[in-house]
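So this one's entry24.cif, mmCIF, C-alpha atoms and all ligand atoms:
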```cif
data_model
loop_
_atom_site.label_atom_id
_atom_site.label_comp_id
_atom_site.auth_asym_id
_atom_site.auth_seq_id
_atom_site.Cartn_x
_atom_site.Cartn_y
_atom_site.Cartn_z
CA MET A 572 -53.24 24.15 66.39
CA LYS A 573 -50.41 22.34 64.59
CA TYR A 574 -49.27 23.04 61.05
CA PHE A 575 -47.09 21.11 58.64
CA ASP A 576 -44.95 22.79 55.98
CA THR A 577 -44.31 19.70 53.86
CA HIS A 578 -42.05 21.46 51.36
CA THR A 579 -39.62 24.15 52.38
CA HIS A 580 -35.98 25.11 51.81
CA VAL A 581 -34.54 26.52 55.03
CA ASN A 582 -31.50 24.53 53.88
CA PHE A 583 -30.97 27.15 51.11
CA ALA A 584 -28.52 30.06 51.20
CA ALA A 585 -31.44 32.48 51.59
CA PHE A 586 -31.49 31.42 55.27
CA LYS A 587 -27.75 31.24 55.92
CA ASP A 588 -27.80 34.13 58.41
CA ASP A 589 -30.89 33.18 60.38
CA GLN A 590 -31.59 29.51 59.77
CA SER A 591 -31.96 28.56 63.42
CA GLU A 592 -34.10 31.62 64.25
CA THR A 593 -36.38 30.80 61.30
CA ILE A 594 -36.77 27.20 62.44
CA LYS A 595 -37.34 28.31 66.02
CA ARG A 596 -40.11 30.68 64.93
CA ALA A 597 -41.79 27.81 63.14
CA LEU A 598 -41.44 25.29 65.98
CA ASP A 599 -42.58 27.89 68.56
CA GLY A 600 -45.70 28.33 66.45
CA ASN A 601 -46.27 24.54 66.31
CA THR A 602 -45.20 24.29 62.68
CA TRP A 603 -43.31 21.18 61.60
CA MET A 604 -41.39 21.05 58.34
CA ILE A 605 -39.62 19.00 55.71
CA ASN A 606 -36.58 20.72 54.24
CA VAL A 607 -36.27 19.56 50.67
CA GLY A 608 -33.04 19.03 48.77
CA THR A 609 -32.63 19.91 45.09
CA GLN A 610 -29.17 18.42 44.40
CA THR A 611 -26.35 16.77 46.39
CA ASP A 612 -25.31 19.76 48.52
CA THR A 613 -28.77 21.00 49.44
CA SER A 614 -29.89 17.43 50.15
CA LYS A 615 -26.94 16.95 52.55
CA LEU A 616 -27.74 20.25 54.23
CA ALA A 617 -31.39 19.28 54.65
CA VAL A 618 -30.27 16.13 56.48
CA GLU A 619 -27.76 18.03 58.65
CA VAL A 620 -30.39 20.57 59.69
CA ALA A 621 -32.90 17.81 60.54
CA LYS A 622 -30.34 16.06 62.77
CA ILE A 623 -30.13 19.14 65.04
CA TYR A 624 -33.78 18.97 66.09
CA PRO A 625 -35.22 16.15 68.19
CA GLU A 626 -38.70 16.86 66.86
CA GLY A 627 -40.52 18.56 63.99
CA VAL A 628 -37.76 18.97 61.38
CA PHE A 629 -37.32 16.37 58.63
CA ALA A 630 -35.49 16.06 55.31
CA ALA A 631 -36.12 14.99 51.74
CA ILE A 632 -33.22 14.17 49.42
CA GLY A 633 -33.19 14.30 45.66
CA LEU A 634 -32.23 15.91 42.38
CA HIS A 635 -34.49 18.60 40.90
CA PRO A 636 -34.95 18.40 37.10
CA VAL A 637 -33.46 21.89 36.55
CA HIS A 638 -30.20 20.66 38.09
CA THR A 639 -29.73 17.97 35.46
CA TYR A 640 -28.23 20.58 33.10
CA GLN A 641 -26.62 23.96 33.49
CA GLN A 642 -28.35 27.26 32.81
CA MET A 643 -28.90 30.63 34.41
CA LEU A 644 -32.35 30.84 35.94
CA ASP A 645 -33.77 34.26 36.47
CA GLU A 646 -37.32 34.52 37.65
CA GLU A 647 -39.46 36.71 39.84
CA GLU A 648 -38.11 35.32 43.08
CA SER A 649 -35.07 33.30 42.15
CA HIS A 650 -31.81 33.97 40.43
CA PHE A 651 -29.31 31.16 40.32
CA GLN A 652 -27.04 29.03 38.20
CA SER A 653 -28.36 25.50 37.93
CA ARG A 654 -25.95 22.56 38.20
CA THR A 655 -25.26 19.69 35.89
CA GLU A 656 -25.68 16.70 38.17
CA VAL A 657 -26.75 13.12 37.91
CA PHE A 658 -28.42 11.12 40.64
CA VAL A 659 -25.66 8.97 42.12
CA GLU A 660 -27.43 6.35 44.15
CA SER A 661 -24.52 5.60 46.49
CA ASP A 662 -24.14 9.30 47.40
CA TYR A 663 -27.78 9.59 48.33
CA GLU A 664 -27.73 6.24 50.12
CA GLN A 665 -25.12 7.63 52.49
CA MET A 666 -27.46 10.46 53.44
CA LEU A 667 -30.27 8.17 54.58
CA THR A 668 -31.19 8.43 58.26
CA GLU A 669 -34.49 8.11 60.12
CA LYS A 670 -34.93 11.87 59.53
CA VAL A 671 -35.11 11.38 55.77
CA VAL A 672 -38.81 10.94 55.08
CA ALA A 673 -38.98 11.29 51.28
CA VAL A 674 -37.12 11.29 47.99
CA GLY A 675 -37.28 14.58 46.10
CA GLU A 676 -37.81 16.99 44.85
CA CYS A 677 -37.65 15.14 41.57
CA GLY A 678 -39.70 15.19 38.41
CA LEU A 679 -39.90 16.99 35.09
CA ASP A 680 -39.70 20.69 34.22
CA TYR A 681 -40.38 21.63 30.58
CA PHE A 682 -41.01 25.26 31.47
CA ARG A 683 -37.37 26.08 32.11
CA LEU A 684 -35.57 24.25 29.32
CA PRO A 685 -32.22 25.80 28.38
CA SER A 686 -32.42 27.80 25.15
CA ASP A 687 -28.97 26.73 23.98
CA SER A 688 -29.41 22.96 23.92
CA ASP A 689 -31.52 20.39 22.18
CA ARG A 690 -34.96 20.10 23.75
CA GLU A 691 -35.30 16.36 23.22
CA SER A 692 -31.95 15.48 24.78
CA VAL A 693 -32.65 17.65 27.86
CA ILE A 694 -36.04 15.99 28.32
CA LYS A 695 -34.48 12.55 27.90
CA LYS A 696 -31.94 13.35 30.62
CA GLN A 697 -34.63 14.65 32.97
CA LYS A 698 -36.66 11.48 32.50
CA GLU A 699 -33.65 9.23 33.18
CA GLU A 700 -32.78 11.01 36.41
CA PHE A 701 -36.41 10.96 37.51
CA VAL A 702 -36.76 7.21 36.92
CA LYS A 703 -33.53 6.55 38.89
CA GLN A 704 -35.03 8.38 41.85
CA LEU A 705 -38.33 6.52 41.65
CA HIS A 706 -36.40 3.25 41.81
CA PHE A 707 -34.35 4.57 44.73
CA ALA A 708 -37.57 5.53 46.57
CA LYS A 709 -39.05 2.12 45.90
CA LYS A 710 -35.91 0.37 47.17
CA HIS A 711 -35.89 2.36 50.41
CA LYS A 712 -39.68 2.39 50.87
CA LEU A 713 -39.92 6.17 50.84
CA PRO A 714 -42.61 8.37 49.29
CA VAL A 715 -41.62 10.81 46.52
CA ILE A 716 -42.01 14.59 46.34
CA ILE A 717 -42.81 15.45 42.74
CA HIS A 718 -41.88 18.69 40.98
CA CYS A 719 -43.73 19.07 37.70
CA ARG A 720 -44.01 22.03 35.39
CA ASP A 721 -45.64 21.87 31.95
CA ALA A 722 -44.97 18.12 31.84
CA TYR A 723 -47.93 16.40 33.50
CA ALA A 724 -48.73 13.94 30.69
CA ASP A 725 -45.18 12.55 30.50
CA LEU A 726 -44.79 12.53 34.26
CA LEU A 727 -48.01 10.63 34.93
CA GLU A 728 -47.03 8.08 32.31
CA ILE A 729 -43.67 7.50 34.02
CA LEU A 730 -45.31 7.21 37.45
CA LYS A 731 -47.73 4.60 36.13
CA SER A 732 -45.03 2.47 34.54
CA GLU A 733 -42.20 2.84 37.10
CA TYR A 734 -43.92 3.51 40.41
CA ALA A 735 -47.33 1.87 40.34
CA GLY A 736 -49.04 1.43 43.69
CA LEU A 737 -46.55 3.62 45.55
CA GLN A 738 -47.06 6.94 47.28
CA GLY A 739 -46.04 10.52 46.97
CA VAL A 740 -47.16 14.10 46.55
CA ALA A 741 -47.57 16.45 43.62
CA HIS A 742 -45.86 19.45 45.22
CA SER A 743 -46.75 23.05 44.35
CA PHE A 744 -49.72 21.86 42.38
CA THR A 745 -50.83 24.50 39.86
CA ASP A 746 -52.83 22.63 37.26
CA THR A 747 -56.50 21.78 36.79
CA TRP A 748 -58.80 19.53 38.78
CA GLU A 749 -58.71 17.10 35.88
CA ILE A 750 -54.95 16.63 36.31
CA ALA A 751 -55.20 16.62 40.13
CA LYS A 752 -57.68 13.76 39.87
CA LYS A 753 -55.15 11.71 37.91
CA PHE A 754 -52.63 12.03 40.75
CA LEU A 755 -55.30 11.17 43.32
CA ASP A 756 -56.28 8.10 41.31
CA LEU A 757 -52.67 6.91 41.54
CA GLY A 758 -52.83 7.27 45.32
CA PHE A 759 -50.90 10.55 45.44
CA TYR A 760 -51.48 13.61 47.60
CA ILE A 761 -51.84 17.20 46.36
CA ALA A 762 -49.82 19.98 48.05
CA LEU A 763 -50.71 23.65 47.81
CA ASN A 764 -48.72 26.74 48.69
CA GLY A 765 -48.80 30.54 48.23
CA ILE A 766 -49.87 30.16 44.60
CA LEU A 767 -53.33 29.30 45.96
CA THR A 768 -53.55 32.71 47.63
CA PHE A 769 -52.85 34.61 44.42
CA ASP A 770 -54.61 32.41 41.89
CA LYS A 771 -57.30 34.52 40.27
CA THR A 772 -58.40 31.91 37.73
CA GLY A 773 -60.41 29.88 40.26
CA LYS A 774 -58.63 26.78 38.93
CA LEU A 775 -56.96 25.94 42.24
CA ALA A 776 -60.11 26.75 44.23
CA GLU A 777 -61.74 24.00 42.21
CA VAL A 778 -58.88 21.64 43.09
CA VAL A 779 -59.30 22.48 46.79
CA ALA A 780 -63.06 21.98 46.64
CA ASN A 781 -62.82 18.56 44.99
CA THR A 782 -59.74 16.98 46.59
CA PRO A 783 -60.72 14.66 49.46
CA ALA A 784 -59.71 16.26 52.78
CA ASP A 785 -57.49 13.32 53.63
CA ARG A 786 -55.34 13.81 50.49
CA LEU A 787 -54.46 17.49 50.79
CA LEU A 788 -51.12 18.82 52.09
CA THR A 789 -49.88 22.32 52.88
CA GLU A 790 -46.44 23.76 52.10
CA THR A 791 -44.65 27.10 51.62
CA ASP A 792 -41.83 26.31 49.14
CA ALA A 793 -39.95 29.01 51.08
CA PRO A 794 -37.99 31.17 50.32
CA TYR A 795 -40.26 31.48 47.26
CA LEU A 796 -43.98 32.09 46.71
CA THR A 797 -44.67 34.23 49.79
CA PRO A 798 -48.39 34.54 50.55
CA PRO A 799 -50.07 37.77 51.67
CA PRO A 800 -49.70 39.60 54.02
CA TYR A 801 -45.94 39.15 53.42
CA ARG A 802 -45.98 39.12 49.59
CA GLY A 803 -42.71 40.57 48.27
CA LYS A 804 -40.72 39.42 51.33
CA ARG A 805 -38.85 36.18 51.88
CA ASN A 806 -41.17 33.27 52.63
CA GLU A 807 -40.67 30.97 55.67
CA PRO A 808 -42.26 27.84 57.21
CA SER A 809 -44.28 29.73 59.83
CA TYR A 810 -46.29 31.36 57.03
CA VAL A 811 -47.84 28.01 56.17
CA ARG A 812 -50.73 29.05 58.40
CA TYR A 813 -51.85 31.47 55.66
CA ILE A 814 -52.25 28.53 53.29
CA VAL A 815 -54.31 26.69 55.91
CA GLU A 816 -56.48 29.81 56.34
CA LYS A 817 -56.97 30.13 52.59
CA ILE A 818 -58.06 26.50 52.25
CA ALA A 819 -60.46 26.98 55.18
CA GLU A 820 -61.89 30.12 53.60
CA LEU A 821 -62.41 28.40 50.23
CA ASN A 822 -64.03 25.32 51.72
CA LYS A 823 -65.99 27.33 54.33
CA VAL A 824 -64.65 25.31 57.25
CA GLU A 825 -62.68 26.27 60.38
CA PRO A 826 -58.89 26.68 60.02
CA GLU A 827 -58.52 24.31 63.01
CA GLU A 828 -60.14 21.55 61.00
CA VAL A 829 -57.85 22.13 57.98
CA ALA A 830 -54.74 22.34 60.19
CA PHE A 831 -55.62 19.14 62.03
CA GLN A 832 -56.39 17.24 58.84
CA THR A 833 -53.38 18.39 56.79
CA PHE A 834 -51.05 17.75 59.75
CA SER A 835 -52.35 14.18 60.07
CA ASN A 836 -52.11 13.68 56.31
CA ALA A 837 -48.43 14.71 56.34
CA LYS A 838 -47.65 12.37 59.23
CA LYS A 839 -49.35 9.54 57.42
CA LEU A 840 -47.73 10.02 54.00
CA PHE A 841 -44.24 10.61 55.39
CA ASN A 842 -44.51 7.89 58.04
CA ILE A 843 -43.86 10.22 60.97
CA ARG A 844 -44.83 9.10 64.47
ZN ZN B 1 -39.15 23.41 46.13
#
```

Let me see the structure of the file written as structure tokens.
Amino acid sequence: MKYFDTHTHVNFAAFKDDQSETIKRALDGNTWMINVGTQTDTSKLAVEVAKIYPEGVFAAIGLHPVHTYQQMLDEEESHFQSRTEVFVESDYEQMLTEKVVAVGECGLDYFRLPSDSDRESVIKKQKEEFVKQLHFAKKHKLPVIIHCRDAYADLLEILKSEYAGLQGVAHSFTDTWEIAKKFLDLGFYIALNGILTFDKTGKLAEVVANTPADRLLTETDAPYLTPPPYRGKRNEPSYVRYIVEKIAELNKVEPEEVAFQTFSNAKKLFNIR
């Protein structure tokens, strides 16, 4: 069985002491991965890590909406100072290699707006940086990895006007089937992670049940969102198999079938041979 963790951050400091061991554990367990950048430094690191491995490790480069302004983020599993960066096309252009398979994570995040600045100006900035990245993706014929929190209406509108007919994935999808369907109608994929394993509302089960099998992706978003049986510990790419198992359980199919399908879907979207 082969698995694909389409959204992970082994390029983050959380793995600085055991990055290669973590990647080895994943590859030994037939798990491929895309390390995703969130600003210039982590994007560069994602590319550097990918270069080390002849097979199975890829990179995505981009600017996360929370890094378009500075604030202290303190949540259940993350505690960090966000940056104030803009998407400088030439910087990201220099990072492009055959190992870079997507632009992202980029998008909109209205959940974590800084309390000390004007809401409208922060949103405006997020939108500008997002549009720049959509144009960059279009120019380089790469799919996009979308981060979206409490901003689906605005985000879908931007995708329709700036990125029509192009491909990508709504990463860490947590909304309703109604919203998922809008992404699918645009030609996008839906990616699910540990949140699926602890969603008690049944909302995501409905998304899993209705999303066509050939449009679903699996991810971990490690080091965050660890699924059981490792809840409370650091997440890692090899745990993506628990997401595959959960999808199989919900859809009453064999995990082998889900693994095979989601692995092929990832290869297709990210143009991996
Ligand atoms: Zn992420």

Using all atoms listed in the file, which of the listed residues (A:Phe583, A:Phe759, A:Phe682, A:Phe834) sits closest to ligand ZN 1 (chain B)?
A:Phe583

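Nearest-residue note for A:Pro714: choosing from A:Ser591, A:Thr745, A:Asn842, A:Ser661, the minimum distance belongs to A:Asn842, counting all atoms listed in the file.
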
Would you mind listing what lies within 12 Å of stretch 801-803 of chain A as a PyMOL selection string, with all atoms listed in the file counted and same-chain residues fewer than 4 positions away left out?
chain A and resi 647-648+765-766+768-769+793-797+807+809-811+813

Set the cut-off to 8 Å, count all atoms listed in the file, and list whatever residues fall near ligand ZN 1 (chain B) as a count of residues only.
12

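Take atom CA of A:Leu755 and atom CA of A:Val779: the distance between them is 12.5 Å.
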
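Computed from the coordinates, the atom CA of A:Glu790 to atom CA of A:Leu763 distance equals 6.1 Å.
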
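From atom CA of A:Ala722 back to atom CA of A:Glu816, the distance works out to 29.5 Å.
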
Excluding A:Glu733 and any residue of its chain fewer than 2 positions from it, enumerate the residues within 9 Å of it, using all atoms listed in the file, and give them as JSON, numbers by chain.
{"A": [702, 705, 706, 728, 729, 730, 731, 735]}

Tell me which of A:Val618, A:Ile623, A:Val778, A:Arg805 sits closest to A:Phe586, counting all atoms listed in the file.
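Smallest distance to A:Phe586 is found for A:Arg805.
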
For A:Leu757, list every protein, DNA or RNA residue within 12 Å, evaluated using all atoms listed in the file, and leave out those in the same chain fewer than 4 positions away; present the list as an NGL selection string.
:A and (727-732 or 734-741 or 750-753 or 761 or 786)

Would you output that residue set with C-alpha atoms, as a PDB file, in the coordinates of the input?
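The result, written out as part28.pdb:
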```pdb
ATOM      1  CA  LEU A 727     -48.010  10.630  34.930  1.00  0.00           C
ATOM      2  CA  GLU A 728     -47.030   8.080  32.310  1.00  0.00           C
ATOM      3  CA  ILE A 729     -43.670   7.500  34.020  1.00  0.00           C
ATOM      4  CA  LEU A 730     -45.310   7.210  37.450  1.00  0.00           C
ATOM      5  CA  LYS A 731     -47.730   4.600  36.130  1.00  0.00           C
ATOM      6  CA  SER A 732     -45.030   2.470  34.540  1.00  0.00           C
ATOM      7  CA  TYR A 734     -43.920   3.510  40.410  1.00  0.00           C
ATOM      8  CA  ALA A 735     -47.330   1.870  40.340  1.00  0.00           C
ATOM      9  CA  GLY A 736     -49.040   1.430  43.690  1.00  0.00           C
ATOM     10  CA  LEU A 737     -46.550   3.620  45.550  1.00  0.00           C
ATOM     11  CA  GLN A 738     -47.060   6.940  47.280  1.00  0.00           C
ATOM     12  CA  GLY A 739     -46.040  10.520  46.970  1.00  0.00           C
ATOM     13  CA  VAL A 740     -47.160  14.100  46.550  1.00  0.00           C
ATOM     14  CA  ALA A 741     -47.570  16.450  43.620  1.00  0.00           C
ATOM     15  CA  ILE A 750     -54.950  16.630  36.310  1.00  0.00           C
ATOM     16  CA  ALA A 751     -55.200  16.620  40.130  1.00  0.00           C
ATOM     17  CA  LYS A 752     -57.680  13.760  39.870  1.00  0.00           C
ATOM     18  CA  LYS A 753     -55.150  11.710  37.910  1.00  0.00           C
ATOM     19  CA  ILE A 761     -51.840  17.200  46.360  1.00  0.00           C
ATOM     20  CA  ARG A 786     -55.340  13.810  50.490  1.00  0.00           C
TER      21      ARG A 786
END
```

Shell around A:Cys677 at 6 Å using only C-alpha atoms, local window under 5 positions removed, as a tab-separated table (two decimals) with C-alpha atoms, keeping the file's coordinate frame:
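Final output, saved to result_36.tsv:
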```tsv
chain	number	residue	atom	x	y	z
A	634	LEU	CA	-32.23	15.91	42.38
A	635	HIS	CA	-34.49	18.60	40.90
A	701	PHE	CA	-36.41	10.96	37.51
A	717	ILE	CA	-42.81	15.45	42.74
A	718	HIS	CA	-41.88	18.69	40.98
```

Can you complete the atoms of stretch 789-814 of chain A to N, CA and C atoms and list them as a PDB file, in the coordinates of the input?
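What landed in selection.pdb:
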```
ATOM      1  N   THR A 789     -50.258  20.899  52.959  1.00  0.00           N
ATOM      2  CA  THR A 789     -49.880  22.320  52.880  1.00  0.00           C
ATOM      3  C   THR A 789     -48.366  22.445  52.843  1.00  0.00           C
ATOM      4  N   GLU A 790     -47.880  23.512  52.213  1.00  0.00           N
ATOM      5  CA  GLU A 790     -46.440  23.760  52.100  1.00  0.00           C
ATOM      6  C   GLU A 790     -46.224  25.257  51.861  1.00  0.00           C
ATOM      7  N   THR A 791     -44.966  25.698  51.970  1.00  0.00           N
ATOM      8  CA  THR A 791     -44.650  27.100  51.620  1.00  0.00           C
ATOM      9  C   THR A 791     -43.775  27.201  50.381  1.00  0.00           C
ATOM     10  N   ASP A 792     -42.880  26.219  50.157  1.00  0.00           N
ATOM     11  CA  ASP A 792     -41.830  26.310  49.140  1.00  0.00           C
ATOM     12  C   ASP A 792     -40.940  27.526  49.416  1.00  0.00           C
ATOM     13  N   ALA A 793     -40.827  27.905  50.687  1.00  0.00           N
ATOM     14  CA  ALA A 793     -39.950  29.010  51.080  1.00  0.00           C
ATOM     15  C   ALA A 793     -38.528  28.724  50.615  1.00  0.00           C
ATOM     16  N   PRO A 794     -37.747  29.717  50.207  1.00  0.00           N
ATOM     17  CA  PRO A 794     -37.990  31.170  50.320  1.00  0.00           C
ATOM     18  C   PRO A 794     -38.887  31.777  49.244  1.00  0.00           C
ATOM     19  N   TYR A 795     -39.454  30.957  48.370  1.00  0.00           N
ATOM     20  CA  TYR A 795     -40.260  31.480  47.260  1.00  0.00           C
ATOM     21  C   TYR A 795     -41.743  31.554  47.606  1.00  0.00           C
ATOM     22  N   LEU A 796     -42.508  32.149  46.688  1.00  0.00           N
ATOM     23  CA  LEU A 796     -43.980  32.090  46.710  1.00  0.00           C
ATOM     24  C   LEU A 796     -44.639  32.592  47.990  1.00  0.00           C
ATOM     25  N   THR A 797     -44.153  33.682  48.525  1.00  0.00           N
ATOM     26  CA  THR A 797     -44.670  34.230  49.790  1.00  0.00           C
ATOM     27  C   THR A 797     -46.145  34.644  49.675  1.00  0.00           C
ATOM     28  N   PRO A 798     -46.969  34.144  50.588  1.00  0.00           N
ATOM     29  CA  PRO A 798     -48.390  34.540  50.550  1.00  0.00           C
ATOM     30  C   PRO A 798     -48.605  35.909  51.213  1.00  0.00           C
ATOM     31  N   PRO A 799     -49.729  36.574  50.920  1.00  0.00           N
ATOM     32  CA  PRO A 799     -50.070  37.770  51.670  1.00  0.00           C
ATOM     33  C   PRO A 799     -50.278  37.359  53.128  1.00  0.00           C
ATOM     34  N   PRO A 800     -50.023  38.166  54.122  1.00  0.00           N
ATOM     35  CA  PRO A 800     -49.700  39.600  54.020  1.00  0.00           C
ATOM     36  C   PRO A 800     -48.219  39.904  53.815  1.00  0.00           C
ATOM     37  N   TYR A 801     -47.385  38.899  53.546  1.00  0.00           N
ATOM     38  CA  TYR A 801     -45.940  39.150  53.420  1.00  0.00           C
ATOM     39  C   TYR A 801     -45.430  39.115  51.987  1.00  0.00           C
ATOM     40  N   ARG A 802     -46.336  39.133  51.015  1.00  0.00           N
ATOM     41  CA  ARG A 802     -45.980  39.120  49.590  1.00  0.00           C
ATOM     42  C   ARG A 802     -44.869  40.120  49.316  1.00  0.00           C
ATOM     43  N   GLY A 803     -43.832  39.673  48.562  1.00  0.00           N
ATOM     44  CA  GLY A 803     -42.710  40.570  48.270  1.00  0.00           C
ATOM     45  C   GLY A 803     -41.536  40.357  49.217  1.00  0.00           C
ATOM     46  N   LYS A 804     -41.791  39.748  50.389  1.00  0.00           N
ATOM     47  CA  LYS A 804     -40.720  39.420  51.330  1.00  0.00           C
ATOM     48  C   LYS A 804     -40.330  37.954  51.181  1.00  0.00           C
ATOM     49  N   ARG A 805     -39.266  37.579  51.905  1.00  0.00           N
ATOM     50  CA  ARG A 805     -38.850  36.180  51.880  1.00  0.00           C
ATOM     51  C   ARG A 805     -39.900  35.305  52.587  1.00  0.00           C
ATOM     52  N   ASN A 806     -40.207  34.188  52.016  1.00  0.00           N
ATOM     53  CA  ASN A 806     -41.170  33.270  52.630  1.00  0.00           C
ATOM     54  C   ASN A 806     -40.479  32.437  53.711  1.00  0.00           C
ATOM     55  N   GLU A 807     -41.238  31.868  54.652  1.00  0.00           N
ATOM     56  CA  GLU A 807     -40.670  30.970  55.670  1.00  0.00           C
ATOM     57  C   GLU A 807     -41.735  30.007  56.175  1.00  0.00           C
ATOM     58  N   PRO A 808     -41.307  28.886  56.809  1.00  0.00           N
ATOM     59  CA  PRO A 808     -42.260  27.840  57.210  1.00  0.00           C
ATOM     60  C   PRO A 808     -43.426  28.341  58.057  1.00  0.00           C
ATOM     61  N   SER A 809     -43.178  29.308  58.953  1.00  0.00           N
ATOM     62  CA  SER A 809     -44.280  29.730  59.830  1.00  0.00           C
ATOM     63  C   SER A 809     -45.436  30.358  59.065  1.00  0.00           C
ATOM     64  N   TYR A 810     -45.197  30.764  57.823  1.00  0.00           N
ATOM     65  CA  TYR A 810     -46.290  31.360  57.030  1.00  0.00           C
ATOM     66  C   TYR A 810     -47.230  30.311  56.432  1.00  0.00           C
ATOM     67  N   VAL A 811     -46.967  29.050  56.715  1.00  0.00           N
ATOM     68  CA  VAL A 811     -47.840  28.010  56.170  1.00  0.00           C
ATOM     69  C   VAL A 811     -49.267  28.164  56.714  1.00  0.00           C
ATOM     70  N   ARG A 812     -49.385  28.855  57.844  1.00  0.00           N
ATOM     71  CA  ARG A 812     -50.730  29.050  58.400  1.00  0.00           C
ATOM     72  C   ARG A 812     -51.629  29.854  57.459  1.00  0.00           C
ATOM     73  N   TYR A 813     -51.035  30.700  56.604  1.00  0.00           N
ATOM     74  CA  TYR A 813     -51.850  31.470  55.660  1.00  0.00           C
ATOM     75  C   TYR A 813     -52.419  30.573  54.553  1.00  0.00           C
ATOM     76  N   ILE A 814     -51.744  29.488  54.284  1.00  0.00           N
ATOM     77  CA  ILE A 814     -52.250  28.530  53.290  1.00  0.00           C
ATOM     78  C   ILE A 814     -53.419  27.757  53.919  1.00  0.00           C
TER      79      ILE A 814
END
```
